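*Asks:* Handing over coords_4.cif, mmCIF, C-alpha atoms.
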data_target
loop_
_atom_site.label_atom_id
_atom_site.label_comp_id
_atom_site.auth_asym_id
_atom_site.auth_seq_id
_atom_site.Cartn_x
_atom_site.Cartn_y
_atom_site.Cartn_z
CA MET G 1 22.15 4.98 -8.20
CA LYS G 2 20.16 8.12 -7.34
CA VAL G 3 16.46 8.01 -8.17
CA SER G 4 16.68 11.00 -10.51
CA VAL G 5 19.47 9.29 -12.49
CA LEU G 6 17.54 6.02 -12.52
CA LEU G 7 14.47 7.72 -13.99
CA ARG G 8 16.57 9.19 -16.79
CA LYS G 9 18.38 5.96 -17.63
CA ALA G 10 15.52 3.45 -17.43
CA SER G 11 14.65 2.55 -21.02
CA ASP G 12 11.18 1.11 -20.38
CA GLU G 13 8.76 0.10 -17.63
CA GLU G 14 10.22 -3.37 -17.18
CA ALA G 15 13.77 -2.01 -16.93
CA LEU G 16 12.68 0.56 -14.34
CA PHE G 17 10.88 -2.12 -12.33
CA LYS G 18 13.92 -4.40 -12.32
CA ALA G 19 16.23 -1.54 -11.37
CA SER G 20 13.95 -0.30 -8.58
CA VAL G 21 12.55 -3.44 -6.94
CA SER G 22 14.68 -5.75 -4.81
CA PRO G 23 15.77 -8.92 -6.69
CA ARG G 24 14.10 -10.90 -3.91
CA TRP G 25 10.65 -10.03 -5.27
CA ARG G 26 11.30 -10.34 -9.01
CA GLY G 27 11.09 -13.27 -11.36
CA ARG G 28 8.36 -15.65 -12.49
CA GLY G 29 9.30 -18.33 -9.97
CA THR G 30 9.03 -15.81 -7.14
CA LEU G 31 5.66 -14.60 -8.42
CA ARG G 32 4.31 -18.13 -8.52
CA GLU G 33 5.33 -18.62 -4.88
CA LEU G 34 3.81 -15.27 -3.89
CA ARG G 35 0.54 -16.10 -5.59
CA GLU G 36 0.37 -19.48 -3.84
CA THR G 37 0.93 -17.76 -0.49
CA PHE G 38 -1.57 -15.02 -1.31
CA GLN G 39 -4.29 -17.53 -2.23
CA ARG G 40 -3.52 -20.14 0.43
CA PRO G 41 -6.87 -21.61 1.58
CA SER G 42 -5.78 -21.60 5.22
CA ARG G 43 -5.52 -17.82 5.11
CA PRO G 44 -8.88 -16.23 6.00
CA ILE G 45 -7.80 -12.95 4.43
CA PRO G 46 -6.06 -12.71 1.02
CA TYR G 47 -3.01 -10.53 1.65
CA ILE G 48 0.77 -10.67 1.49
CA PHE G 49 3.52 -8.58 3.09
CA LEU G 50 6.78 -7.99 1.17
CA PRO G 51 9.62 -6.58 3.34
CA GLY G 52 12.51 -4.79 1.66
CA PHE G 53 10.46 -4.23 -1.51
CA LEU G 54 12.46 -1.37 -3.05
CA ASN G 55 16.20 -1.02 -3.40
CA PRO G 56 17.70 0.82 -0.38
CA GLU G 57 18.54 4.08 -2.20
CA ILE G 58 14.99 4.43 -3.48
CA ALA G 59 13.48 3.56 -0.11
CA GLU G 60 15.59 6.27 1.58
CA THR G 61 14.55 8.87 -1.00
CA TRP G 62 10.90 7.94 -0.51
CA TYR G 63 11.21 8.37 3.26
CA GLU G 64 13.08 11.67 3.05
CA GLU G 65 10.60 13.23 0.64
CA LEU G 66 7.58 12.16 2.68
CA GLN G 67 9.16 13.76 5.73
CA SER G 68 9.79 17.07 3.98
CA ALA G 69 6.51 17.30 2.04
CA PRO G 70 3.93 19.90 3.18
CA ARG G 71 1.15 18.47 5.32
CA LYS G 72 -2.51 19.19 5.75
CA VAL G 73 -5.32 17.56 7.69
CA MET G 74 -6.88 14.60 5.92
CA HIS G 75 -9.56 13.41 8.32
CA ASP G 76 -10.78 14.64 11.68
CA ASP G 77 -14.39 13.58 11.41
CA PHE G 78 -15.12 13.05 15.08
CA GLY G 79 -12.29 14.67 17.01
CA LEU G 80 -12.04 11.71 19.37
CA HIS G 81 -11.01 8.07 19.27
CA ARG G 82 -13.87 5.67 18.52
CA TRP G 83 -12.87 2.09 17.90
CA SER G 84 -16.33 0.73 17.25
CA PRO G 85 -17.01 -2.82 18.47
CA ALA G 86 -19.47 -3.18 15.60
CA TRP G 87 -16.76 -2.50 13.01
CA GLU G 88 -18.30 0.50 11.27
CA GLN G 89 -18.30 0.31 7.49
CA HIS G 90 -17.34 3.94 6.95
CA VAL G 91 -14.09 5.65 7.86
CA GLN G 92 -13.78 7.34 11.22
CA GLY G 93 -10.45 8.66 12.32
CA LYS G 94 -7.88 11.43 12.42
CA TRP G 95 -4.52 11.84 10.77
CA GLU G 96 -2.57 14.43 8.83
CA GLY G 97 -0.51 14.44 5.70
CA ARG G 98 -2.89 13.94 2.82
CA TRP G 99 -1.28 15.13 -0.35
CA GLU G 100 -1.88 13.62 -3.73
CA LEU G 101 0.71 11.14 -4.94
CA LEU G 102 1.79 13.14 -7.97
CA GLU G 103 1.16 16.78 -7.12
CA ARG G 104 4.40 18.00 -5.49
CA ARG G 105 6.81 19.64 -7.90
CA GLY G 106 10.52 19.40 -7.29
CA PHE G 107 10.18 15.92 -5.78
CA VAL G 108 11.36 12.85 -7.68
CA LEU G 109 8.93 10.72 -5.69
CA GLY G 110 5.96 11.78 -7.83
CA ARG G 111 7.76 10.82 -11.03
CA LEU G 112 8.88 7.52 -9.53
CA ILE G 113 5.32 6.65 -8.55
CA GLU G 114 3.98 7.62 -11.95
CA THR G 115 6.56 5.60 -13.91
CA LEU G 116 6.86 2.62 -11.55
CA PHE G 117 3.79 2.05 -9.36
CA LEU G 118 1.27 3.36 -11.89
CA SER G 119 2.84 1.62 -14.89
CA SER G 120 1.16 -1.13 -16.89
CA TYR G 121 4.06 -3.44 -15.99
CA PHE G 122 3.42 -3.03 -12.26
CA SER G 123 -0.32 -3.61 -12.80
CA ARG G 124 0.53 -6.89 -14.55
CA TYR G 125 2.84 -7.78 -11.66
CA LEU G 126 0.00 -7.20 -9.19
CA SER G 127 -2.46 -9.15 -11.35
CA ALA G 128 -0.07 -12.10 -11.44
CA LEU G 129 0.60 -11.93 -7.71
CA ALA G 130 -3.06 -11.68 -6.69
CA GLY G 131 -4.38 -14.08 -9.34
CA PHE G 132 -6.53 -11.68 -11.35
CA ALA G 133 -7.29 -12.85 -14.89
CA ARG G 134 -7.60 -9.27 -16.12
CA PRO G 135 -5.15 -6.38 -15.76
CA LEU G 136 -5.58 -3.83 -13.02
CA ARG G 137 -5.87 -0.09 -13.41
CA TYR G 138 -4.94 2.53 -10.83
CA THR G 139 -7.98 4.33 -9.37
CA GLY G 140 -6.48 6.62 -6.74
CA GLY G 141 -4.20 6.98 -3.75
CA HIS G 142 -2.53 9.27 -1.26
CA HIS G 143 0.28 9.59 1.25
CA LYS G 144 -0.48 9.52 4.95
CA ARG G 145 1.38 10.60 8.07
CA MET G 146 0.04 9.49 11.43
CA GLY G 147 1.22 10.52 14.89
CA PRO G 148 0.22 10.22 18.55
CA GLY G 149 -3.54 9.99 19.03
CA ASP G 150 -4.31 9.21 15.37
CA TRP G 151 -6.32 6.18 14.29
CA GLU G 152 -8.61 4.85 11.57
CA ASN G 153 -11.75 2.91 12.35
CA PRO G 154 -12.60 -0.35 10.55
CA HIS G 155 -13.92 0.12 7.02
CA THR G 156 -13.89 -1.47 3.60
CA ASP G 157 -12.36 -0.34 0.30
CA SER G 158 -15.21 -2.07 -1.49
CA GLN G 159 -15.17 0.31 -4.45
CA HIS G 160 -11.75 -1.14 -5.34
CA HIS G 161 -10.47 -4.68 -5.99
CA LEU G 162 -6.92 -4.42 -4.63
CA THR G 163 -5.34 -2.16 -2.03
CA VAL G 164 -1.56 -1.71 -2.00
CA VAL G 165 0.21 0.04 0.89
CA TYR G 166 3.88 0.98 0.89
CA TYR G 167 5.24 1.62 4.40
CA ALA G 168 8.07 4.14 4.89
CA THR G 169 8.15 4.12 8.68
CA LYS G 170 11.45 3.93 10.56
CA GLY G 171 12.08 2.67 14.07
CA TRP G 172 8.49 1.62 14.75
CA ARG G 173 7.72 -0.54 17.75
CA ARG G 174 4.55 -2.60 18.07
CA GLU G 175 3.85 -1.18 21.52
CA ALA G 176 3.49 2.27 19.92
CA GLY G 177 0.20 1.11 18.36
CA GLY G 178 -0.77 2.08 14.83
CA SER G 179 -0.97 -1.51 13.59
CA LEU G 180 -3.18 -2.32 10.63
CA TYR G 181 -5.96 -4.71 11.60
CA LEU G 182 -7.58 -7.02 9.05
CA GLY G 183 -10.68 -9.02 9.88
CA ASP G 184 -14.32 -9.91 9.29
CA TRP G 185 -17.44 -8.22 10.60
CA THR G 186 -16.97 -9.26 14.19
CA ARG G 187 -13.26 -9.29 15.05
CA PRO G 188 -9.83 -8.57 13.55
CA ARG G 189 -7.87 -11.69 12.59
CA VAL G 190 -4.53 -10.29 11.41
CA ARG G 191 -2.37 -7.48 12.79
CA VAL G 192 0.29 -5.88 10.57
CA THR G 193 2.93 -3.70 12.23
CA PRO G 194 4.20 -0.85 10.02
CA GLY G 195 7.87 -0.83 9.10
CA PHE G 196 10.38 0.57 6.68
CA ASN G 197 10.38 -0.31 2.98
CA LYS G 198 7.55 -2.86 3.20
CA LEU G 199 4.76 -3.47 0.70
CA LEU G 200 1.34 -4.81 1.66
CA VAL G 201 -0.92 -6.21 -1.08
CA MET G 202 -4.49 -6.94 0.01
CA LYS G 203 -7.45 -8.19 -1.99
CA VAL G 204 -10.56 -6.19 -1.16
CA LYS G 205 -13.70 -8.01 -0.08
CA ARG G 206 -16.75 -6.51 1.57
CA GLU G 207 -16.59 -8.89 4.52
CA PHE G 208 -12.93 -8.10 5.24
CA LEU G 209 -12.66 -4.81 7.04
CA HIS G 210 -9.45 -3.09 8.01
CA GLY G 211 -8.51 -0.25 10.30
CA ILE G 212 -5.55 1.28 12.14
CA GLY G 213 -5.28 1.13 15.91
CA LYS G 214 -4.77 4.30 17.91
CA ILE G 215 -1.14 5.44 18.14
CA ARG G 216 0.00 5.78 21.73
CA THR G 217 2.03 8.58 23.29
CA PRO G 218 4.85 9.32 23.62
CA LEU G 219 6.02 8.37 20.15
CA GLN G 220 9.79 8.36 19.80
CA ASN G 221 10.04 8.43 16.01
CA PRO G 222 9.14 10.92 13.23
CA GLY G 223 5.77 9.35 12.47
CA ARG G 224 3.93 6.55 10.74
CA TYR G 225 4.32 7.08 6.99
CA SER G 226 2.46 5.11 4.33
CA SER G 227 1.49 5.49 0.68
CA VAL G 228 -1.80 3.94 -0.40
CA PHE G 229 -2.68 2.80 -3.94
CA TRP G 230 -6.07 1.48 -5.08
CA PHE G 231 -6.66 -0.68 -8.14
CA ARG G 232 -9.63 -2.18 -9.99
CA THR G 233 -9.72 -4.85 -12.64
CA THR G 234 -10.53 -3.75 -16.17
CA THR G 235 -13.70 -4.90 -17.89
CA ASN G 236 -12.32 -4.52 -21.40
CA ILE G 237 -11.59 -8.05 -22.63
CA SER G 238 -9.60 -6.88 -25.65
CA LEU G 239 -7.39 -4.81 -23.35
CA ALA G 240 -6.88 -7.80 -21.08
CA LYS G 241 -5.69 -9.91 -24.01
CA ARG G 242 -3.01 -7.36 -24.86
CA PHE G 243 -1.27 -7.91 -21.52
CA SER G 244 0.44 -11.27 -21.54
CA PRO G 245 0.61 -12.62 -17.96
CA LEU G 246 3.95 -12.59 -16.18
CA ILE G 247 3.33 -16.12 -14.93
CA ARG G 248 3.06 -18.87 -17.50
#
Rewrite the structure from the file as structure tokens, please.
*Replies:*
Amino acid sequence: MKVSVLLRKASDEEALFKASVSPRWRGRGTLRELRETFQRPSRPIPYIFLPGFLNPEIAETWYEELQSAPRKVMHDDFGLHRWSPAWEQHVQGKWEGRWELLERRGFVLGRLIETLFLSSYFSRYLSALAGFARPLRYTGGHHKRMGPGDWENPHTDSQHHLTVVYYATKGWRREAGGSLYLGDWTRPRVRVTPGFNKLLVMKVKREFLHGIGKIRTPLQNPGRYSSVFWFRTTTNISLAKRFSPLIR
């Protein structure tokens, strides 16, 4: 089913979620398993990686629209690669393709994001997966395209509680660079290679920095595409009580 048709036919947020997300990642039993993996004590960093998150038709539409969307420079703060051994707390890097998640008219991707990823149902899904007692609210996000020579130095998203990254990158090889590094103040502990139709959910803590390694040349693919979403927990207790958890 085409995304535009799906958006017209979905009767509510839950129906849209079930029609858009792969059956592999739906269901209360699956969520319980995901939460156990996410919170596993042996994991130094609370994160989980969900390959094949969206149904194939939606994933293809996402990729095609990111490729055809207008681009503009997002960051070029230093004009040179600096992968600081001290793991700087602020962002240093260069990449292009910052455009707001919802701003492009004529694209179904903005409507899909608004009705699926920014819905209260998806926030409850994330809360259940990550083990938050209160519902999450969306606080911002953007799309990003990275190419040869681009990077992002280690930093924190400490103003948020959860970072979600959807990867729409085809044909990526680890030797091309551009992996996401997760770690503490002194060294990265986890390396995540970008891919196609994969969702990363990461709990934000001040001591867990993350950054993107420099992309090497030549790069024999269209680019490293990702969509970033930030969430915070709500402080309104009455609002939290209104959202019954997806996991009993």
*Asks:* Around the point (7.9, -10.8, -7.9) (coordinates from the file), which residues reach within 10 Å if we count all atoms listed in the file? Answer as a list in words.
*Replies:* Lys18, Val21, Ser22, Pro23, Arg24, Trp25, Arg26, Gly27, Arg28, Gly29, Thr30, Leu31, Arg32, Glu33, Leu34, Arg35, Leu50, Phe53, Phe122, Tyr125, Leu126, Ala128, Leu129, Leu246 and Ile247 of chain G
*Asks:* Could you give me, as JSON lines, every range 5-58 of chain G residue with an atom at most 12 Å from range 111-114 of chain G, plus its closest atom pair and distance in Å to one decimal, counting only C-alpha atoms, rows ordered by chain then number?
*Replies:*
{"residue": "G:Val5", "atom": "CA", "partner": "G:Leu112", "partner_atom": "CA", "distance": 11.1}
{"residue": "G:Leu6", "atom": "CA", "partner": "G:Leu112", "partner_atom": "CA", "distance": 9.3}
{"residue": "G:Leu7", "atom": "CA", "partner": "G:Leu112", "partner_atom": "CA", "distance": 7.2}
{"residue": "G:Arg8", "atom": "CA", "partner": "G:Arg111", "partner_atom": "CA", "distance": 10.7}
{"residue": "G:Ala10", "atom": "CA", "partner": "G:Leu112", "partner_atom": "CA", "distance": 11.1}
{"residue": "G:Glu13", "atom": "CA", "partner": "G:Glu114", "partner_atom": "CA", "distance": 10.6}
{"residue": "G:Leu16", "atom": "CA", "partner": "G:Leu112", "partner_atom": "CA", "distance": 9.3}
{"residue": "G:Phe17", "atom": "CA", "partner": "G:Leu112", "partner_atom": "CA", "distance": 10.2}
{"residue": "G:Ala19", "atom": "CA", "partner": "G:Leu112", "partner_atom": "CA", "distance": 11.8}
{"residue": "G:Ser20", "atom": "CA", "partner": "G:Leu112", "partner_atom": "CA", "distance": 9.4}
{"residue": "G:Val21", "atom": "CA", "partner": "G:Leu112", "partner_atom": "CA", "distance": 11.8}
{"residue": "G:Leu54", "atom": "CA", "partner": "G:Leu112", "partner_atom": "CA", "distance": 11.6}
{"residue": "G:Ile58", "atom": "CA", "partner": "G:Leu112", "partner_atom": "CA", "distance": 9.1}
*Asks:* Output C-alpha atoms for every residue in that selection, as a short mmCIF file (atom, residue, chain, number, x, y, z; two decimals), in the frame of the given file.
*Replies:*
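Saved the output as result39.cif:
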data_model
loop_
_atom_site.label_atom_id
_atom_site.label_comp_id
_atom_site.auth_asym_id
_atom_site.auth_seq_id
_atom_site.Cartn_x
_atom_site.Cartn_y
_atom_site.Cartn_z
CA VAL G 5 19.47 9.29 -12.49
CA LEU G 6 17.54 6.02 -12.52
CA LEU G 7 14.47 7.72 -13.99
CA ARG G 8 16.57 9.19 -16.79
CA ALA G 10 15.52 3.45 -17.43
CA GLU G 13 8.76 0.10 -17.63
CA LEU G 16 12.68 0.56 -14.34
CA PHE G 17 10.88 -2.12 -12.33
CA ALA G 19 16.23 -1.54 -11.37
CA SER G 20 13.95 -0.30 -8.58
CA VAL G 21 12.55 -3.44 -6.94
CA LEU G 54 12.46 -1.37 -3.05
CA ILE G 58 14.99 4.43 -3.48
#
*Asks:* Would you compute the distance between CA of Asn153 in chain G and CA of Arg232 in chain G? Give it in Å to one decimal.
*Replies:* 23.0 Å
*Asks:* For this file, the PyMOL selection byres ((chain G and resi 196-213) around 7) selects which residues, as a ChimeraX atom specification?
*Replies:* /G:46-54,59,151-158,160-170,177-185,195,214-215
*Asks:* For Gly149 in chain G, which residue among G:Gly223, G:Pro44, G:Lys2, G:Leu66 is the nearest when counting only C-alpha atoms?
*Replies:*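 Ranked by minimum distance to Gly149 in chain G, first place goes to G:Gly223.
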*Asks:* When you look at Arg224 in chain G with a cut-off of 7 Å (counting all atoms listed in the file), what residues show up, excluding the ones that are within fewer than 6 positions of it in the same chain? I need them as a VMD selection string.
*Replies:* chain G and resid 145 to 147 169
*Asks:* Nearest to Pro222 in chain G among G:Ser120, G:Glu64, G:Glu36, G:Ser4, with distances taken over all atoms listed in the file: which residue is it?
*Replies:*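 Among G:Ser120, G:Glu64, G:Glu36, G:Ser4, it is G:Glu64 that comes nearest to Pro222 in chain G.
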*Asks:* One decimal, Å: what's the distance from CA of His142 in chain G over to CA of Ser226 in chain G, could you say?
*Replies:*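 We find that CA of His142 in chain G and CA of Ser226 in chain G lie 8.6 Å from each other.
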*Asks:* Please measure the separation of CA of Glu65 in chain G and CA of His143 in chain G, giving the value in Å to one decimal.
*Replies:*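 A separation of 11.0 Å between them.
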*Asks:* Counting all atoms listed in the file, figure out which residue out of G:Thr193, G:Tyr121, G:Gln39, G:Gln67 gets nearest to Pro135 in chain G.
*Replies:*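 Using all atoms listed in the file, Pro135 in chain G sits closest to G:Tyr121.
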*Asks:* I need the residue nearest Gly131 in chain G from this list: G:Trp172, G:Trp62, G:Asp12, G:Arg40. Use only C-alpha atoms for the distance.
*Replies:* G:Arg40
